[in-house]
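Student: Input structure: query14.pdb, which contains PDB, C-alpha atoms.
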ATOM      1  CA  ARG A 215      27.613 -25.499 -13.043  1.00  0.00           C
ATOM      2  CA  LEU A 216      24.909 -22.942 -12.260  1.00  0.00           C
ATOM      3  CA  GLY A 217      26.287 -20.870 -15.133  1.00  0.00           C
ATOM      4  CA  ASP A 218      25.107 -23.634 -17.471  1.00  0.00           C
ATOM      5  CA  PHE A 219      21.572 -22.759 -16.371  1.00  0.00           C
ATOM      6  CA  GLY A 220      21.986 -19.019 -16.978  1.00  0.00           C
ATOM      7  CA  VAL A 221      22.559 -18.265 -13.299  1.00  0.00           C
ATOM      8  CA  SER A 222      25.533 -15.961 -12.690  1.00  0.00           C
ATOM      9  CA  GLY A 223      26.535 -12.529 -11.389  1.00  0.00           C
ATOM     10  CA  GLU A 224      23.826 -10.673  -9.478  1.00  0.00           C
ATOM     11  CA  GLY A 225      21.376 -13.399 -10.392  1.00  0.00           C
ATOM     12  CA  LEU A 226      23.544 -15.905  -8.579  1.00  0.00           C
ATOM     13  CA  ILE A 227      23.368 -13.755  -5.453  1.00  0.00           C
ATOM     14  CA  THR A 228      19.573 -13.748  -5.602  1.00  0.00           C
ATOM     15  CA  PHE A 229      19.415 -17.452  -6.403  1.00  0.00           C
ATOM     16  CA  MET A 230      21.501 -18.652  -3.516  1.00  0.00           C
ATOM     17  CA  SER A 231      19.418 -19.368  -0.426  1.00  0.00           C
ATOM     18  CA  ASN A 232      20.256 -21.684   2.446  1.00  0.00           C
ATOM     19  CA  SER A 233      18.240 -24.464   0.827  1.00  0.00           C
ATOM     20  CA  VAL A 234      20.101 -24.092  -2.478  1.00  0.00           C
ATOM     21  CA  ALA A 235      23.533 -23.839  -0.876  1.00  0.00           C
ATOM     22  CA  SER A 236      22.994 -27.042   1.072  1.00  0.00           C
ATOM     23  CA  ARG A 237      22.101 -28.975  -2.095  1.00  0.00           C
ATOM     24  CA  LEU A 238      24.920 -28.011  -4.453  1.00  0.00           C
ATOM     25  CA  GLY A 239      26.552 -31.416  -3.985  1.00  0.00           C
ATOM     26  CA  ASP A 240      23.282 -33.257  -4.536  1.00  0.00           C
ATOM     27  CA  ASP A 241      22.858 -34.891  -7.967  1.00  0.00           C
ATOM     28  CA  GLU A 242      19.089 -34.879  -7.448  1.00  0.00           C
ATOM     29  CA  PHE A 243      19.168 -31.077  -7.265  1.00  0.00           C
ATOM     30  CA  TRP A 244      21.096 -30.745 -10.526  1.00  0.00           C
ATOM     31  CA  ALA A 245      18.800 -33.217 -12.254  1.00  0.00           C
ATOM     32  CA  GLY A 246      15.905 -31.092 -11.014  1.00  0.00           C
ATOM     33  CA  LEU A 247      17.356 -27.928 -12.551  1.00  0.00           C
ATOM     34  CA  SER A 248      17.557 -29.730 -15.890  1.00  0.00           C
ATOM     35  CA  ARG A 249      13.954 -30.920 -15.582  1.00  0.00           C
ATOM     36  CA  LEU A 250      12.776 -27.374 -14.854  1.00  0.00           C
ATOM     37  CA  GLY A 251      14.094 -26.443 -18.285  1.00  0.00           C
ATOM     38  CA  GLU A 252      11.469 -28.781 -19.756  1.00  0.00           C
ATOM     39  CA  PHE A 253       8.859 -26.485 -18.197  1.00  0.00           C
ATOM     40  CA  GLY A 254      10.433 -23.392 -19.769  1.00  0.00           C
ATOM     41  CA  ILE A 255      12.135 -22.354 -16.542  1.00  0.00           C
ATOM     42  CA  SER A 256      15.756 -21.229 -16.872  1.00  0.00           C
ATOM     43  CA  GLY A 257      17.971 -18.163 -16.493  1.00  0.00           C
ATOM     44  CA  ASP A 258      16.189 -15.242 -14.837  1.00  0.00           C
ATOM     45  CA  GLY A 259      13.015 -17.298 -14.554  1.00  0.00           C
ATOM     46  CA  LEU A 260      14.872 -19.996 -12.661  1.00  0.00           C
ATOM     47  CA  ILE A 261      16.254 -17.396 -10.268  1.00  0.00           C
ATOM     48  CA  THR A 262      12.771 -16.069  -9.516  1.00  0.00           C
ATOM     49  CA  PHE A 263      11.260 -19.546  -9.332  1.00  0.00           C
ATOM     50  CA  MET A 264      13.624 -21.001  -6.784  1.00  0.00           C
ATOM     51  CA  SER A 265      12.319 -20.627  -3.240  1.00  0.00           C
ATOM     52  CA  ASP A 266      13.216 -22.700  -0.192  1.00  0.00           C
ATOM     53  CA  SER A 267      10.064 -24.759  -0.731  1.00  0.00           C
ATOM     54  CA  VAL A 268      10.953 -25.460  -4.366  1.00  0.00           C
ATOM     55  CA  ALA A 269      14.606 -26.286  -3.675  1.00  0.00           C
ATOM     56  CA  SER A 270      13.626 -28.816  -1.029  1.00  0.00           C
ATOM     57  CA  ARG A 271      11.241 -30.643  -3.396  1.00  0.00           C
ATOM     58  CA  MET A 272      13.467 -31.204  -6.421  1.00  0.00           C
ATOM     59  CA  GLY A 273      13.643 -34.945  -5.762  1.00  0.00           C
ATOM     60  CA  ASP A 274       9.953 -35.264  -4.973  1.00  0.00           C
ATOM     61  CA  ASP A 275       7.872 -36.965  -7.692  1.00  0.00           C
ATOM     62  CA  GLU A 276       4.736 -35.303  -6.330  1.00  0.00           C
ATOM     63  CA  PHE A 277       6.278 -31.910  -7.101  1.00  0.00           C
ATOM     64  CA  TRP A 278       6.993 -32.814 -10.725  1.00  0.00           C
ATOM     65  CA  VAL A 279       3.551 -34.317 -11.234  1.00  0.00           C
ATOM     66  CA  GLY A 280       2.149 -31.083  -9.833  1.00  0.00           C
ATOM     67  CA  LEU A 281       4.071 -28.948 -12.319  1.00  0.00           C
ATOM     68  CA  SER A 282       2.647 -31.054 -15.145  1.00  0.00           C
ATOM     69  CA  ARG A 283      -0.879 -30.727 -13.762  1.00  0.00           C
ATOM     70  CA  LEU A 284      -0.530 -26.943 -13.611  1.00  0.00           C
ATOM     71  CA  GLY A 285      -0.044 -27.035 -17.380  1.00  0.00           C
ATOM     72  CA  GLU A 286      -3.627 -28.296 -17.641  1.00  0.00           C
ATOM     73  CA  PHE A 287      -4.693 -24.956 -16.152  1.00  0.00           C
ATOM     74  CA  GLY A 288      -2.679 -22.978 -18.701  1.00  0.00           C
ATOM     75  CA  ILE A 289       0.166 -22.361 -16.271  1.00  0.00           C
ATOM     76  CA  SER A 290       3.658 -22.906 -17.696  1.00  0.00           C
ATOM     77  CA  GLY A 291       6.880 -21.067 -18.530  1.00  0.00           C
ATOM     78  CA  ASP A 292       6.936 -17.497 -17.239  1.00  0.00           C
ATOM     79  CA  GLY A 293       3.435 -17.955 -15.873  1.00  0.00           C
ATOM     80  CA  LEU A 294       4.576 -20.901 -13.806  1.00  0.00           C
ATOM     81  CA  VAL A 295       7.429 -18.808 -12.444  1.00  0.00           C
ATOM     82  CA  ALA A 296       5.009 -16.066 -11.385  1.00  0.00           C
ATOM     83  CA  PHE A 297       2.492 -18.546  -9.978  1.00  0.00           C
ATOM     84  CA  MET A 298       4.815 -20.545  -7.776  1.00  0.00           C
ATOM     85  CA  GLY A 299       5.114 -19.220  -4.227  1.00  0.00           C
ATOM     86  CA  ASN A 300       5.973 -21.104  -1.065  1.00  0.00           C
ATOM     87  CA  SER A 301       2.295 -21.680  -0.315  1.00  0.00           C
ATOM     88  CA  VAL A 302       1.710 -23.126  -3.797  1.00  0.00           C
ATOM     89  CA  ALA A 303       4.839 -25.302  -3.863  1.00  0.00           C
ATOM     90  CA  THR A 304       3.908 -26.995  -0.600  1.00  0.00           C
ATOM     91  CA  ARG A 305       0.391 -27.838  -1.814  1.00  0.00           C
ATOM     92  CA  LEU A 306       1.101 -29.593  -5.110  1.00  0.00           C
ATOM     93  CA  GLY A 307       0.250 -32.965  -3.569  1.00  0.00           C
ATOM     94  CA  ASP A 308      -2.932 -31.682  -1.940  1.00  0.00           C
ATOM     95  CA  GLU A 309      -6.100 -32.689  -3.792  1.00  0.00           C
ATOM     96  CA  THR A 310      -8.000 -29.882  -2.071  1.00  0.00           C
ATOM     97  CA  PHE A 311      -5.685 -27.453  -3.858  1.00  0.00           C
ATOM     98  CA  TRP A 312      -6.368 -29.017  -7.256  1.00  0.00           C
ATOM     99  CA  ALA A 313     -10.100 -29.146  -6.654  1.00  0.00           C
ATOM    100  CA  GLY A 314      -9.886 -25.466  -5.747  1.00  0.00           C
ATOM    101  CA  LEU A 315      -8.155 -24.560  -9.006  1.00  0.00           C
ATOM    102  CA  SER A 316     -10.957 -26.300 -10.891  1.00  0.00           C
ATOM    103  CA  ARG A 317     -13.631 -24.492  -8.872  1.00  0.00           C
ATOM    104  CA  LEU A 318     -12.010 -21.136  -9.606  1.00  0.00           C
ATOM    105  CA  GLY A 319     -12.771 -21.802 -13.267  1.00  0.00           C
ATOM    106  CA  ASP A 320     -16.463 -21.596 -12.342  1.00  0.00           C
ATOM    107  CA  PHE A 321     -15.807 -17.971 -11.372  1.00  0.00           C
ATOM    108  CA  GLY A 322     -14.028 -17.157 -14.639  1.00  0.00           C
ATOM    109  CA  VAL A 323     -10.575 -17.439 -13.097  1.00  0.00           C
ATOM    110  CA  SER A 324      -8.154 -19.467 -15.230  1.00  0.00           C
ATOM    111  CA  GLY A 325      -4.928 -19.233 -17.254  1.00  0.00           C
ATOM    112  CA  GLU A 326      -3.123 -15.916 -16.840  1.00  0.00           C
ATOM    113  CA  GLY A 327      -5.938 -14.685 -14.634  1.00  0.00           C
ATOM    114  CA  LEU A 328      -5.374 -17.586 -12.274  1.00  0.00           C
ATOM    115  CA  ILE A 329      -1.705 -16.644 -12.047  1.00  0.00           C
ATOM    116  CA  THR A 330      -2.588 -13.080 -11.064  1.00  0.00           C
ATOM    117  CA  PHE A 331      -5.325 -14.210  -8.698  1.00  0.00           C
ATOM    118  CA  MET A 332      -3.286 -16.661  -6.692  1.00  0.00           C
ATOM    119  CA  SER A 333      -1.682 -15.041  -3.675  1.00  0.00           C
ATOM    120  CA  ASN A 334      -0.504 -16.718  -0.498  1.00  0.00           C
ATOM    121  CA  SER A 335      -3.804 -15.881   1.183  1.00  0.00           C
ATOM    122  CA  VAL A 336      -5.830 -17.373  -1.663  1.00  0.00           C
ATOM    123  CA  ALA A 337      -3.743 -20.552  -1.966  1.00  0.00           C
ATOM    124  CA  SER A 338      -4.146 -21.282   1.727  1.00  0.00           C
ATOM    125  CA  ARG A 339      -7.947 -20.931   1.573  1.00  0.00           C
ATOM    126  CA  LEU A 340      -8.850 -23.176  -1.356  1.00  0.00           C
ATOM    127  CA  GLY A 341     -10.230 -25.804   1.018  1.00  0.00           C
ATOM    128  CA  ASP A 342     -12.187 -23.273   3.063  1.00  0.00           C
ATOM    129  CA  ASP A 343     -15.960 -23.258   2.460  1.00  0.00           C
ATOM    130  CA  GLU A 344     -16.130 -19.722   3.835  1.00  0.00           C
ATOM    131  CA  PHE A 345     -13.837 -18.563   1.032  1.00  0.00           C
ATOM    132  CA  TRP A 346     -15.990 -20.145  -1.676  1.00  0.00           C
ATOM    133  CA  ALA A 347     -19.164 -18.752  -0.172  1.00  0.00           C
ATOM    134  CA  GLY A 348     -17.446 -15.371  -0.239  1.00  0.00           C
ATOM    135  CA  LEU A 349     -16.638 -15.640  -3.946  1.00  0.00           C
ATOM    136  CA  SER A 350     -20.306 -16.342  -4.628  1.00  0.00           C
ATOM    137  CA  ARG A 351     -21.379 -13.377  -2.512  1.00  0.00           C
ATOM    138  CA  LEU A 352     -18.993 -11.093  -4.398  1.00  0.00           C
ATOM    139  CA  GLY A 353     -21.009 -11.905  -7.520  1.00  0.00           C
ATOM    140  CA  GLU A 354     -23.949 -10.145  -5.858  1.00  0.00           C
ATOM    141  CA  PHE A 355     -21.824  -6.987  -5.920  1.00  0.00           C
ATOM    142  CA  GLY A 356     -21.061  -7.390  -9.632  1.00  0.00           C
ATOM    143  CA  ILE A 357     -17.596  -8.797  -9.022  1.00  0.00           C
ATOM    144  CA  SER A 358     -16.607 -11.823 -11.111  1.00  0.00           C
ATOM    145  CA  GLY A 359     -14.171 -12.914 -13.830  1.00  0.00           C
ATOM    146  CA  ASP A 360     -11.469 -10.341 -14.539  1.00  0.00           C
ATOM    147  CA  GLY A 361     -12.950  -8.025 -11.935  1.00  0.00           C
ATOM    148  CA  LEU A 362     -12.659 -10.714  -9.288  1.00  0.00           C
ATOM    149  CA  ILE A 363      -9.019 -11.250 -10.228  1.00  0.00           C
ATOM    150  CA  THR A 364      -8.236  -7.551  -9.789  1.00  0.00           C
ATOM    151  CA  PHE A 365     -10.329  -7.281  -6.631  1.00  0.00           C
ATOM    152  CA  MET A 366      -8.704 -10.100  -4.705  1.00  0.00           C
ATOM    153  CA  SER A 367      -5.844  -8.952  -2.498  1.00  0.00           C
ATOM    154  CA  ASP A 368      -4.423 -10.582   0.622  1.00  0.00           C
ATOM    155  CA  SER A 369      -6.550  -8.267   2.757  1.00  0.00           C
ATOM    156  CA  VAL A 370      -9.732  -9.141   0.870  1.00  0.00           C
ATOM    157  CA  ALA A 371      -9.078 -12.897   0.865  1.00  0.00           C
ATOM    158  CA  SER A 372      -8.515 -12.894   4.609  1.00  0.00           C
ATOM    159  CA  ARG A 373     -11.825 -11.107   5.288  1.00  0.00           C
ATOM    160  CA  MET A 374     -14.222 -13.282   3.308  1.00  0.00           C
ATOM    161  CA  GLY A 375     -15.750 -14.698   6.485  1.00  0.00           C
ATOM    162  CA  ASP A 376     -15.936 -11.331   8.230  1.00  0.00           C
ATOM    163  CA  ASP A 377     -19.447  -9.855   8.507  1.00  0.00           C
ATOM    164  CA  GLU A 378     -17.951  -6.387   8.912  1.00  0.00           C
ATOM    165  CA  PHE A 379     -16.410  -6.723   5.452  1.00  0.00           C
ATOM    166  CA  TRP A 380     -19.733  -7.589   3.819  1.00  0.00           C
ATOM    167  CA  VAL A 381     -21.587  -4.822   5.621  1.00  0.00           C
ATOM    168  CA  GLY A 382     -18.868  -2.486   4.369  1.00  0.00           C
ATOM    169  CA  LEU A 383     -19.371  -3.548   0.752  1.00  0.00           C
ATOM    170  CA  SER A 384     -23.091  -2.833   1.111  1.00  0.00           C
ATOM    171  CA  ARG A 385     -22.385   0.571   2.631  1.00  0.00           C
ATOM    172  CA  LEU A 386     -20.076   1.415  -0.261  1.00  0.00           C
ATOM    173  CA  GLY A 387     -23.089   0.933  -2.528  1.00  0.00           C
ATOM    174  CA  GLU A 388     -24.686   3.909  -0.761  1.00  0.00           C
ATOM    175  CA  PHE A 389     -21.807   5.979  -2.139  1.00  0.00           C
ATOM    176  CA  GLY A 390     -22.419   4.673  -5.657  1.00  0.00           C
ATOM    177  CA  ILE A 391     -19.489   2.285  -5.467  1.00  0.00           C
ATOM    178  CA  SER A 392     -20.307  -1.121  -6.931  1.00  0.00           C
ATOM    179  CA  GLY A 393     -19.377  -3.430  -9.805  1.00  0.00           C
ATOM    180  CA  ASP A 394     -16.312  -2.254 -11.733  1.00  0.00           C
ATOM    181  CA  GLY A 395     -16.117   0.845  -9.570  1.00  0.00           C
ATOM    182  CA  LEU A 396     -15.901  -1.279  -6.452  1.00  0.00           C
ATOM    183  CA  VAL A 397     -13.122  -3.318  -8.051  1.00  0.00           C
ATOM    184  CA  ALA A 398     -11.117  -0.167  -8.817  1.00  0.00           C
ATOM    185  CA  PHE A 399     -11.810   1.292  -5.366  1.00  0.00           C
ATOM    186  CA  MET A 400     -10.790  -1.667  -3.234  1.00  0.00           C
ATOM    187  CA  GLY A 401      -7.152  -1.891  -2.192  1.00  0.00           C
ATOM    188  CA  ASN A 402      -5.555  -3.458   0.865  1.00  0.00           C
ATOM    189  CA  SER A 403      -5.846  -0.193   2.783  1.00  0.00           C
ATOM    190  CA  VAL A 404      -9.570   0.111   2.010  1.00  0.00           C
ATOM    191  CA  ALA A 405     -10.366  -3.517   2.838  1.00  0.00           C
ATOM    192  CA  THR A 406      -8.831  -3.197   6.290  1.00  0.00           C
ATOM    193  CA  ARG A 407     -10.829  -0.050   7.133  1.00  0.00           C
ATOM    194  CA  LEU A 408     -14.371  -1.123   6.347  1.00  0.00           C
ATOM    195  CA  GLY A 409     -15.168  -1.423  10.053  1.00  0.00           C
ATOM    196  CA  ASP A 410     -13.669   1.960  10.885  1.00  0.00           C
ATOM    197  CA  GLU A 411     -16.274   4.718  11.374  1.00  0.00           C
ATOM    198  CA  THR A 412     -13.604   7.352  10.760  1.00  0.00           C
ATOM    199  CA  PHE A 413     -13.250   5.928   7.250  1.00  0.00           C
ATOM    200  CA  TRP A 414     -16.990   6.222   6.616  1.00  0.00           C
ATOM    201  CA  ALA A 415     -17.116   9.741   7.998  1.00  0.00           C
ATOM    202  CA  GLY A 416     -14.280  10.585   5.625  1.00  0.00           C
ATOM    203  CA  LEU A 417     -16.207   9.254   2.629  1.00  0.00           C
ATOM    204  CA  SER A 418     -19.172  11.416   3.606  1.00  0.00           C
ATOM    205  CA  ARG A 419     -16.971  14.489   3.891  1.00  0.00           C
ATOM    206  CA  LEU A 420     -15.465  13.804   0.467  1.00  0.00           C
ATOM    207  CA  GLY A 421     -18.973  14.284  -0.904  1.00  0.00           C
ATOM    208  CA  ASP A 422     -18.761  17.911   0.221  1.00  0.00           C
ATOM    209  CA  PHE A 423     -15.911  18.274  -2.267  1.00  0.00           C
ATOM    210  CA  GLY A 424     -17.817  16.633  -5.097  1.00  0.00           C
ATOM    211  CA  VAL A 425     -15.876  13.392  -4.772  1.00  0.00           C
TER
END
Any chance you could give the structure as structure tokens?

Tutor:
Amino acid sequence: RLGDFGVSGEGLITFMSNSVASRLGDDEFWAGLSRLGEFGISGDGLITFMSDSVASRMGDDEFWVGLSRLGEFGISGDGLVAFMGNSVATRLGDETFWAGLSRLGDFGVSGEGLITFMSNSVASRLGDDEFWAGLSRLGEFGISGDGLITFMSDSVASRMGDDEFWVGLSRLGEFGISGDGLVAFMGNSVATRLGDETFWAGLSRLGDFGV
């Protein structure tokens, strides 16, 4: 029957988790697969979409209402597949999550940008005032909209309440790194080293090489 949904061969291997295997005799599960097609999710997209958290919620009305609500944020089809992680799937009935998605629009994060922006670390912090205060503070460094989307990694999201992180961003300004340059510069490995004096000494030494 999974072949009817475009799931076969190597895709079937990827698709089959413990949660899926345990539900193959469950009519609710099969009805759910059909309903996912209404959201443009089938074949390879269905394979990617199906996590343990999704498989366990196929008979949950709250889950389906949530998928419809995501459409209001421009998230559907392939975008919905990319957006849906375990941390998102488990929060579809959480009004704090929905309020957070709306607030992200105030920072220029919506549609495809919202899909890119939303990582496990971000999804879990949408009800955290420290996170929102951090987004506002990033604006002081010229980081908003598309730049904010690119800038936000798991390491950055987890450090928004960390004074060492903010001091580090200010210190980077002394090296001429701000705005779009700061966005391009900041990766997970940089974000985790902002409190490391060896890192700062290294930046100073790079200046000797014209970098």

Student: For Arg249 (chain A), which residue out of A:Phe277, A:Trp346, A:Phe287, A:Phe365 is the nearest one, using only C-alpha atoms?

Tutor: A:Phe277

Student: Do you know which residues the PyMOL selection byres ((chain A and resi 305-310) around 7) returns on this file, as JSON, numbers by chain?

Tutor: {"A": [276, 277, 280, 301, 302, 303, 304, 311, 312, 313, 314, 340, 341]}

Student: Taking all atoms listed in the file into account, which of A:Asp241, A:Glu378, A:Arg385, A:Ser369 comes nearest Thr406 (chain A)?

Tutor: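 Looking only at the distances to Thr406 (chain A), the closest residue turns out to be A:Ser369.
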
Student: Using only C-alpha atoms, can you list as a PyMOL selection string the residues within 12 Å of (-13.5, -11.9, -13.7)?

Tutor: chain A and resi 318-328+330-331+349+352-353+356-366+393-394+397

Student: One decimal, in Å: what's the spacing between CA of Val234 (chain A) and CA of Met272 (chain A)?

Tutor: 10.5 Å

Student: My list of candidates is A:Gly375, A:Gly251, A:Gly416, A:Gly220. Which is closest to Phe345 (chain A) when distances are computed with only C-alpha atoms?

Tutor: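 Result for the nearest residue to Phe345 (chain A): A:Gly375.
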
Student: From the options A:Met230, A:Arg373, A:Gly273, A:Trp414, which residue's atoms come nearest to Glu388 (chain A), counting all atoms listed in the file?

Tutor: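 That would be A:Trp414, the residue with the smallest distance to Glu388 (chain A).
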
Student: Residues picked by the PyMOL selection byres ((chain A and resi 408) around 7) here, as a JSON list (two decimals) with C-alpha atoms, in the coordinates of the input?

Tutor:
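File selection.json, as written:
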[["chain", "number", "residue", "atom", "x", "y", "z"],
["A", 378, "GLU", "CA", -17.95, -6.39, 8.91],
["A", 379, "PHE", "CA", -16.41, -6.72, 5.45],
["A", 382, "GLY", "CA", -18.87, -2.49, 4.37],
["A", 404, "VAL", "CA", -9.57, 0.11, 2.01],
["A", 405, "ALA", "CA", -10.37, -3.52, 2.84],
["A", 406, "THR", "CA", -8.83, -3.20, 6.29],
["A", 407, "ARG", "CA", -10.83, -0.05, 7.13],
["A", 409, "GLY", "CA", -15.17, -1.42, 10.05],
["A", 410, "ASP", "CA", -13.67, 1.96, 10.88]]

Student: Starting from the shown file, work through the PyMOL selection byres ((chain A and resi 252-255) around 8) and note down what comes out as a PyMOL selection string.

Tutor: chain A and resi 248-251+256-257+259-260+263+281+290-292+295

Student: Output as a PDB file, in the frame of the given file: region 315-341 of chain A, completed with N, CA and C atoms.

Tutor:
ATOM      1  N   LEU A 315      -8.491 -25.162  -7.710  1.00  0.00           N
ATOM      2  CA  LEU A 315      -8.155 -24.560  -9.006  1.00  0.00           C
ATOM      3  C   LEU A 315      -9.278 -24.802 -10.012  1.00  0.00           C
ATOM      4  N   SER A 316      -9.843 -25.998  -9.981  1.00  0.00           N
ATOM      5  CA  SER A 316     -10.957 -26.300 -10.891  1.00  0.00           C
ATOM      6  C   SER A 316     -12.177 -25.444 -10.557  1.00  0.00           C
ATOM      7  N   ARG A 317     -12.468 -25.287  -9.281  1.00  0.00           N
ATOM      8  CA  ARG A 317     -13.631 -24.492  -8.872  1.00  0.00           C
ATOM      9  C   ARG A 317     -13.468 -23.024  -9.254  1.00  0.00           C
ATOM     10  N   LEU A 318     -12.236 -22.529  -9.223  1.00  0.00           N
ATOM     11  CA  LEU A 318     -12.010 -21.136  -9.606  1.00  0.00           C
ATOM     12  C   LEU A 318     -12.422 -20.896 -11.055  1.00  0.00           C
ATOM     13  N   GLY A 319     -12.318 -21.926 -11.884  1.00  0.00           N
ATOM     14  CA  GLY A 319     -12.771 -21.802 -13.267  1.00  0.00           C
ATOM     15  C   GLY A 319     -14.250 -21.462 -13.352  1.00  0.00           C
ATOM     16  N   ASP A 320     -15.027 -21.904 -12.372  1.00  0.00           N
ATOM     17  CA  ASP A 320     -16.463 -21.596 -12.342  1.00  0.00           C
ATOM     18  C   ASP A 320     -16.711 -20.105 -12.131  1.00  0.00           C
ATOM     19  N   PHE A 321     -15.693 -19.412 -11.612  1.00  0.00           N
ATOM     20  CA  PHE A 321     -15.807 -17.971 -11.372  1.00  0.00           C
ATOM     21  C   PHE A 321     -15.072 -17.165 -12.449  1.00  0.00           C
ATOM     22  N   GLY A 322     -14.705 -17.844 -13.538  1.00  0.00           N
ATOM     23  CA  GLY A 322     -14.028 -17.157 -14.639  1.00  0.00           C
ATOM     24  C   GLY A 322     -12.563 -16.893 -14.379  1.00  0.00           C
ATOM     25  N   VAL A 323     -11.987 -17.638 -13.448  1.00  0.00           N
ATOM     26  CA  VAL A 323     -10.575 -17.439 -13.097  1.00  0.00           C
ATOM     27  C   VAL A 323      -9.769 -18.627 -13.610  1.00  0.00           C
ATOM     28  N   SER A 324      -8.969 -18.400 -14.658  1.00  0.00           N
ATOM     29  CA  SER A 324      -8.154 -19.467 -15.230  1.00  0.00           C
ATOM     30  C   SER A 324      -6.983 -18.852 -15.995  1.00  0.00           C
ATOM     31  N   GLY A 325      -6.058 -19.705 -16.454  1.00  0.00           N
ATOM     32  CA  GLY A 325      -4.928 -19.233 -17.254  1.00  0.00           C
ATOM     33  C   GLY A 325      -4.161 -18.101 -16.595  1.00  0.00           C
ATOM     34  N   GLU A 326      -3.886 -17.047 -17.369  1.00  0.00           N
ATOM     35  CA  GLU A 326      -3.123 -15.916 -16.840  1.00  0.00           C
ATOM     36  C   GLU A 326      -3.851 -15.251 -15.673  1.00  0.00           C
ATOM     37  N   GLY A 327      -5.173 -15.257 -15.735  1.00  0.00           N
ATOM     38  CA  GLY A 327      -5.938 -14.685 -14.634  1.00  0.00           C
ATOM     39  C   GLY A 327      -5.731 -15.449 -13.345  1.00  0.00           C
ATOM     40  N   LEU A 328      -5.615 -16.755 -13.454  1.00  0.00           N
ATOM     41  CA  LEU A 328      -5.374 -17.586 -12.274  1.00  0.00           C
ATOM     42  C   LEU A 328      -4.022 -17.259 -11.661  1.00  0.00           C
ATOM     43  N   ILE A 329      -3.048 -16.995 -12.519  1.00  0.00           N
ATOM     44  CA  ILE A 329      -1.705 -16.644 -12.047  1.00  0.00           C
ATOM     45  C   ILE A 329      -1.755 -15.354 -11.230  1.00  0.00           C
ATOM     46  N   THR A 330      -2.470 -14.359 -11.758  1.00  0.00           N
ATOM     47  CA  THR A 330      -2.588 -13.080 -11.064  1.00  0.00           C
ATOM     48  C   THR A 330      -3.374 -13.224  -9.769  1.00  0.00           C
ATOM     49  N   PHE A 331      -4.397 -14.052  -9.818  1.00  0.00           N
ATOM     50  CA  PHE A 331      -5.325 -14.210  -8.698  1.00  0.00           C
ATOM     51  C   PHE A 331      -4.690 -14.882  -7.490  1.00  0.00           C
ATOM     52  N   MET A 332      -3.780 -15.789  -7.747  1.00  0.00           N
ATOM     53  CA  MET A 332      -3.286 -16.661  -6.692  1.00  0.00           C
ATOM     54  C   MET A 332      -2.215 -15.992  -5.832  1.00  0.00           C
ATOM     55  N   SER A 333      -2.617 -15.569  -4.667  1.00  0.00           N
ATOM     56  CA  SER A 333      -1.682 -15.041  -3.675  1.00  0.00           C
ATOM     57  C   SER A 333      -1.565 -16.055  -2.549  1.00  0.00           C
ATOM     58  N   ASN A 334      -0.650 -15.795  -1.627  1.00  0.00           N
ATOM     59  CA  ASN A 334      -0.504 -16.718  -0.498  1.00  0.00           C
ATOM     60  C   ASN A 334      -1.817 -16.904   0.252  1.00  0.00           C
ATOM     61  N   SER A 335      -2.554 -15.797   0.431  1.00  0.00           N
ATOM     62  CA  SER A 335      -3.804 -15.881   1.183  1.00  0.00           C
ATOM     63  C   SER A 335      -4.847 -16.709   0.451  1.00  0.00           C
ATOM     64  N   VAL A 336      -4.867 -16.599  -0.879  1.00  0.00           N
ATOM     65  CA  VAL A 336      -5.830 -17.373  -1.663  1.00  0.00           C
ATOM     66  C   VAL A 336      -5.455 -18.853  -1.640  1.00  0.00           C
ATOM     67  N   ALA A 337      -4.188 -19.158  -1.898  1.00  0.00           N
ATOM     68  CA  ALA A 337      -3.743 -20.552  -1.966  1.00  0.00           C
ATOM     69  C   ALA A 337      -4.054 -21.303  -0.680  1.00  0.00           C
ATOM     70  N   SER A 338      -3.938 -20.622   0.438  1.00  0.00           N
ATOM     71  CA  SER A 338      -4.146 -21.282   1.727  1.00  0.00           C
ATOM     72  C   SER A 338      -5.621 -21.466   2.062  1.00  0.00           C
ATOM     73  N   ARG A 339      -6.521 -20.879   1.246  1.00  0.00           N
ATOM     74  CA  ARG A 339      -7.947 -20.931   1.573  1.00  0.00           C
ATOM     75  C   ARG A 339      -8.772 -21.757   0.590  1.00  0.00           C
ATOM     76  N   LEU A 340      -8.114 -22.456  -0.319  1.00  0.00           N
ATOM     77  CA  LEU A 340      -8.850 -23.176  -1.356  1.00  0.00           C
ATOM     78  C   LEU A 340      -9.695 -24.323  -0.807  1.00  0.00           C
ATOM     79  N   GLY A 341      -9.422 -24.756   0.403  1.00  0.00           N
ATOM     80  CA  GLY A 341     -10.230 -25.804   1.018  1.00  0.00           C
ATOM     81  C   GLY A 341     -11.206 -25.271   2.048  1.00  0.00           C
TER      82      GLY A 341
END
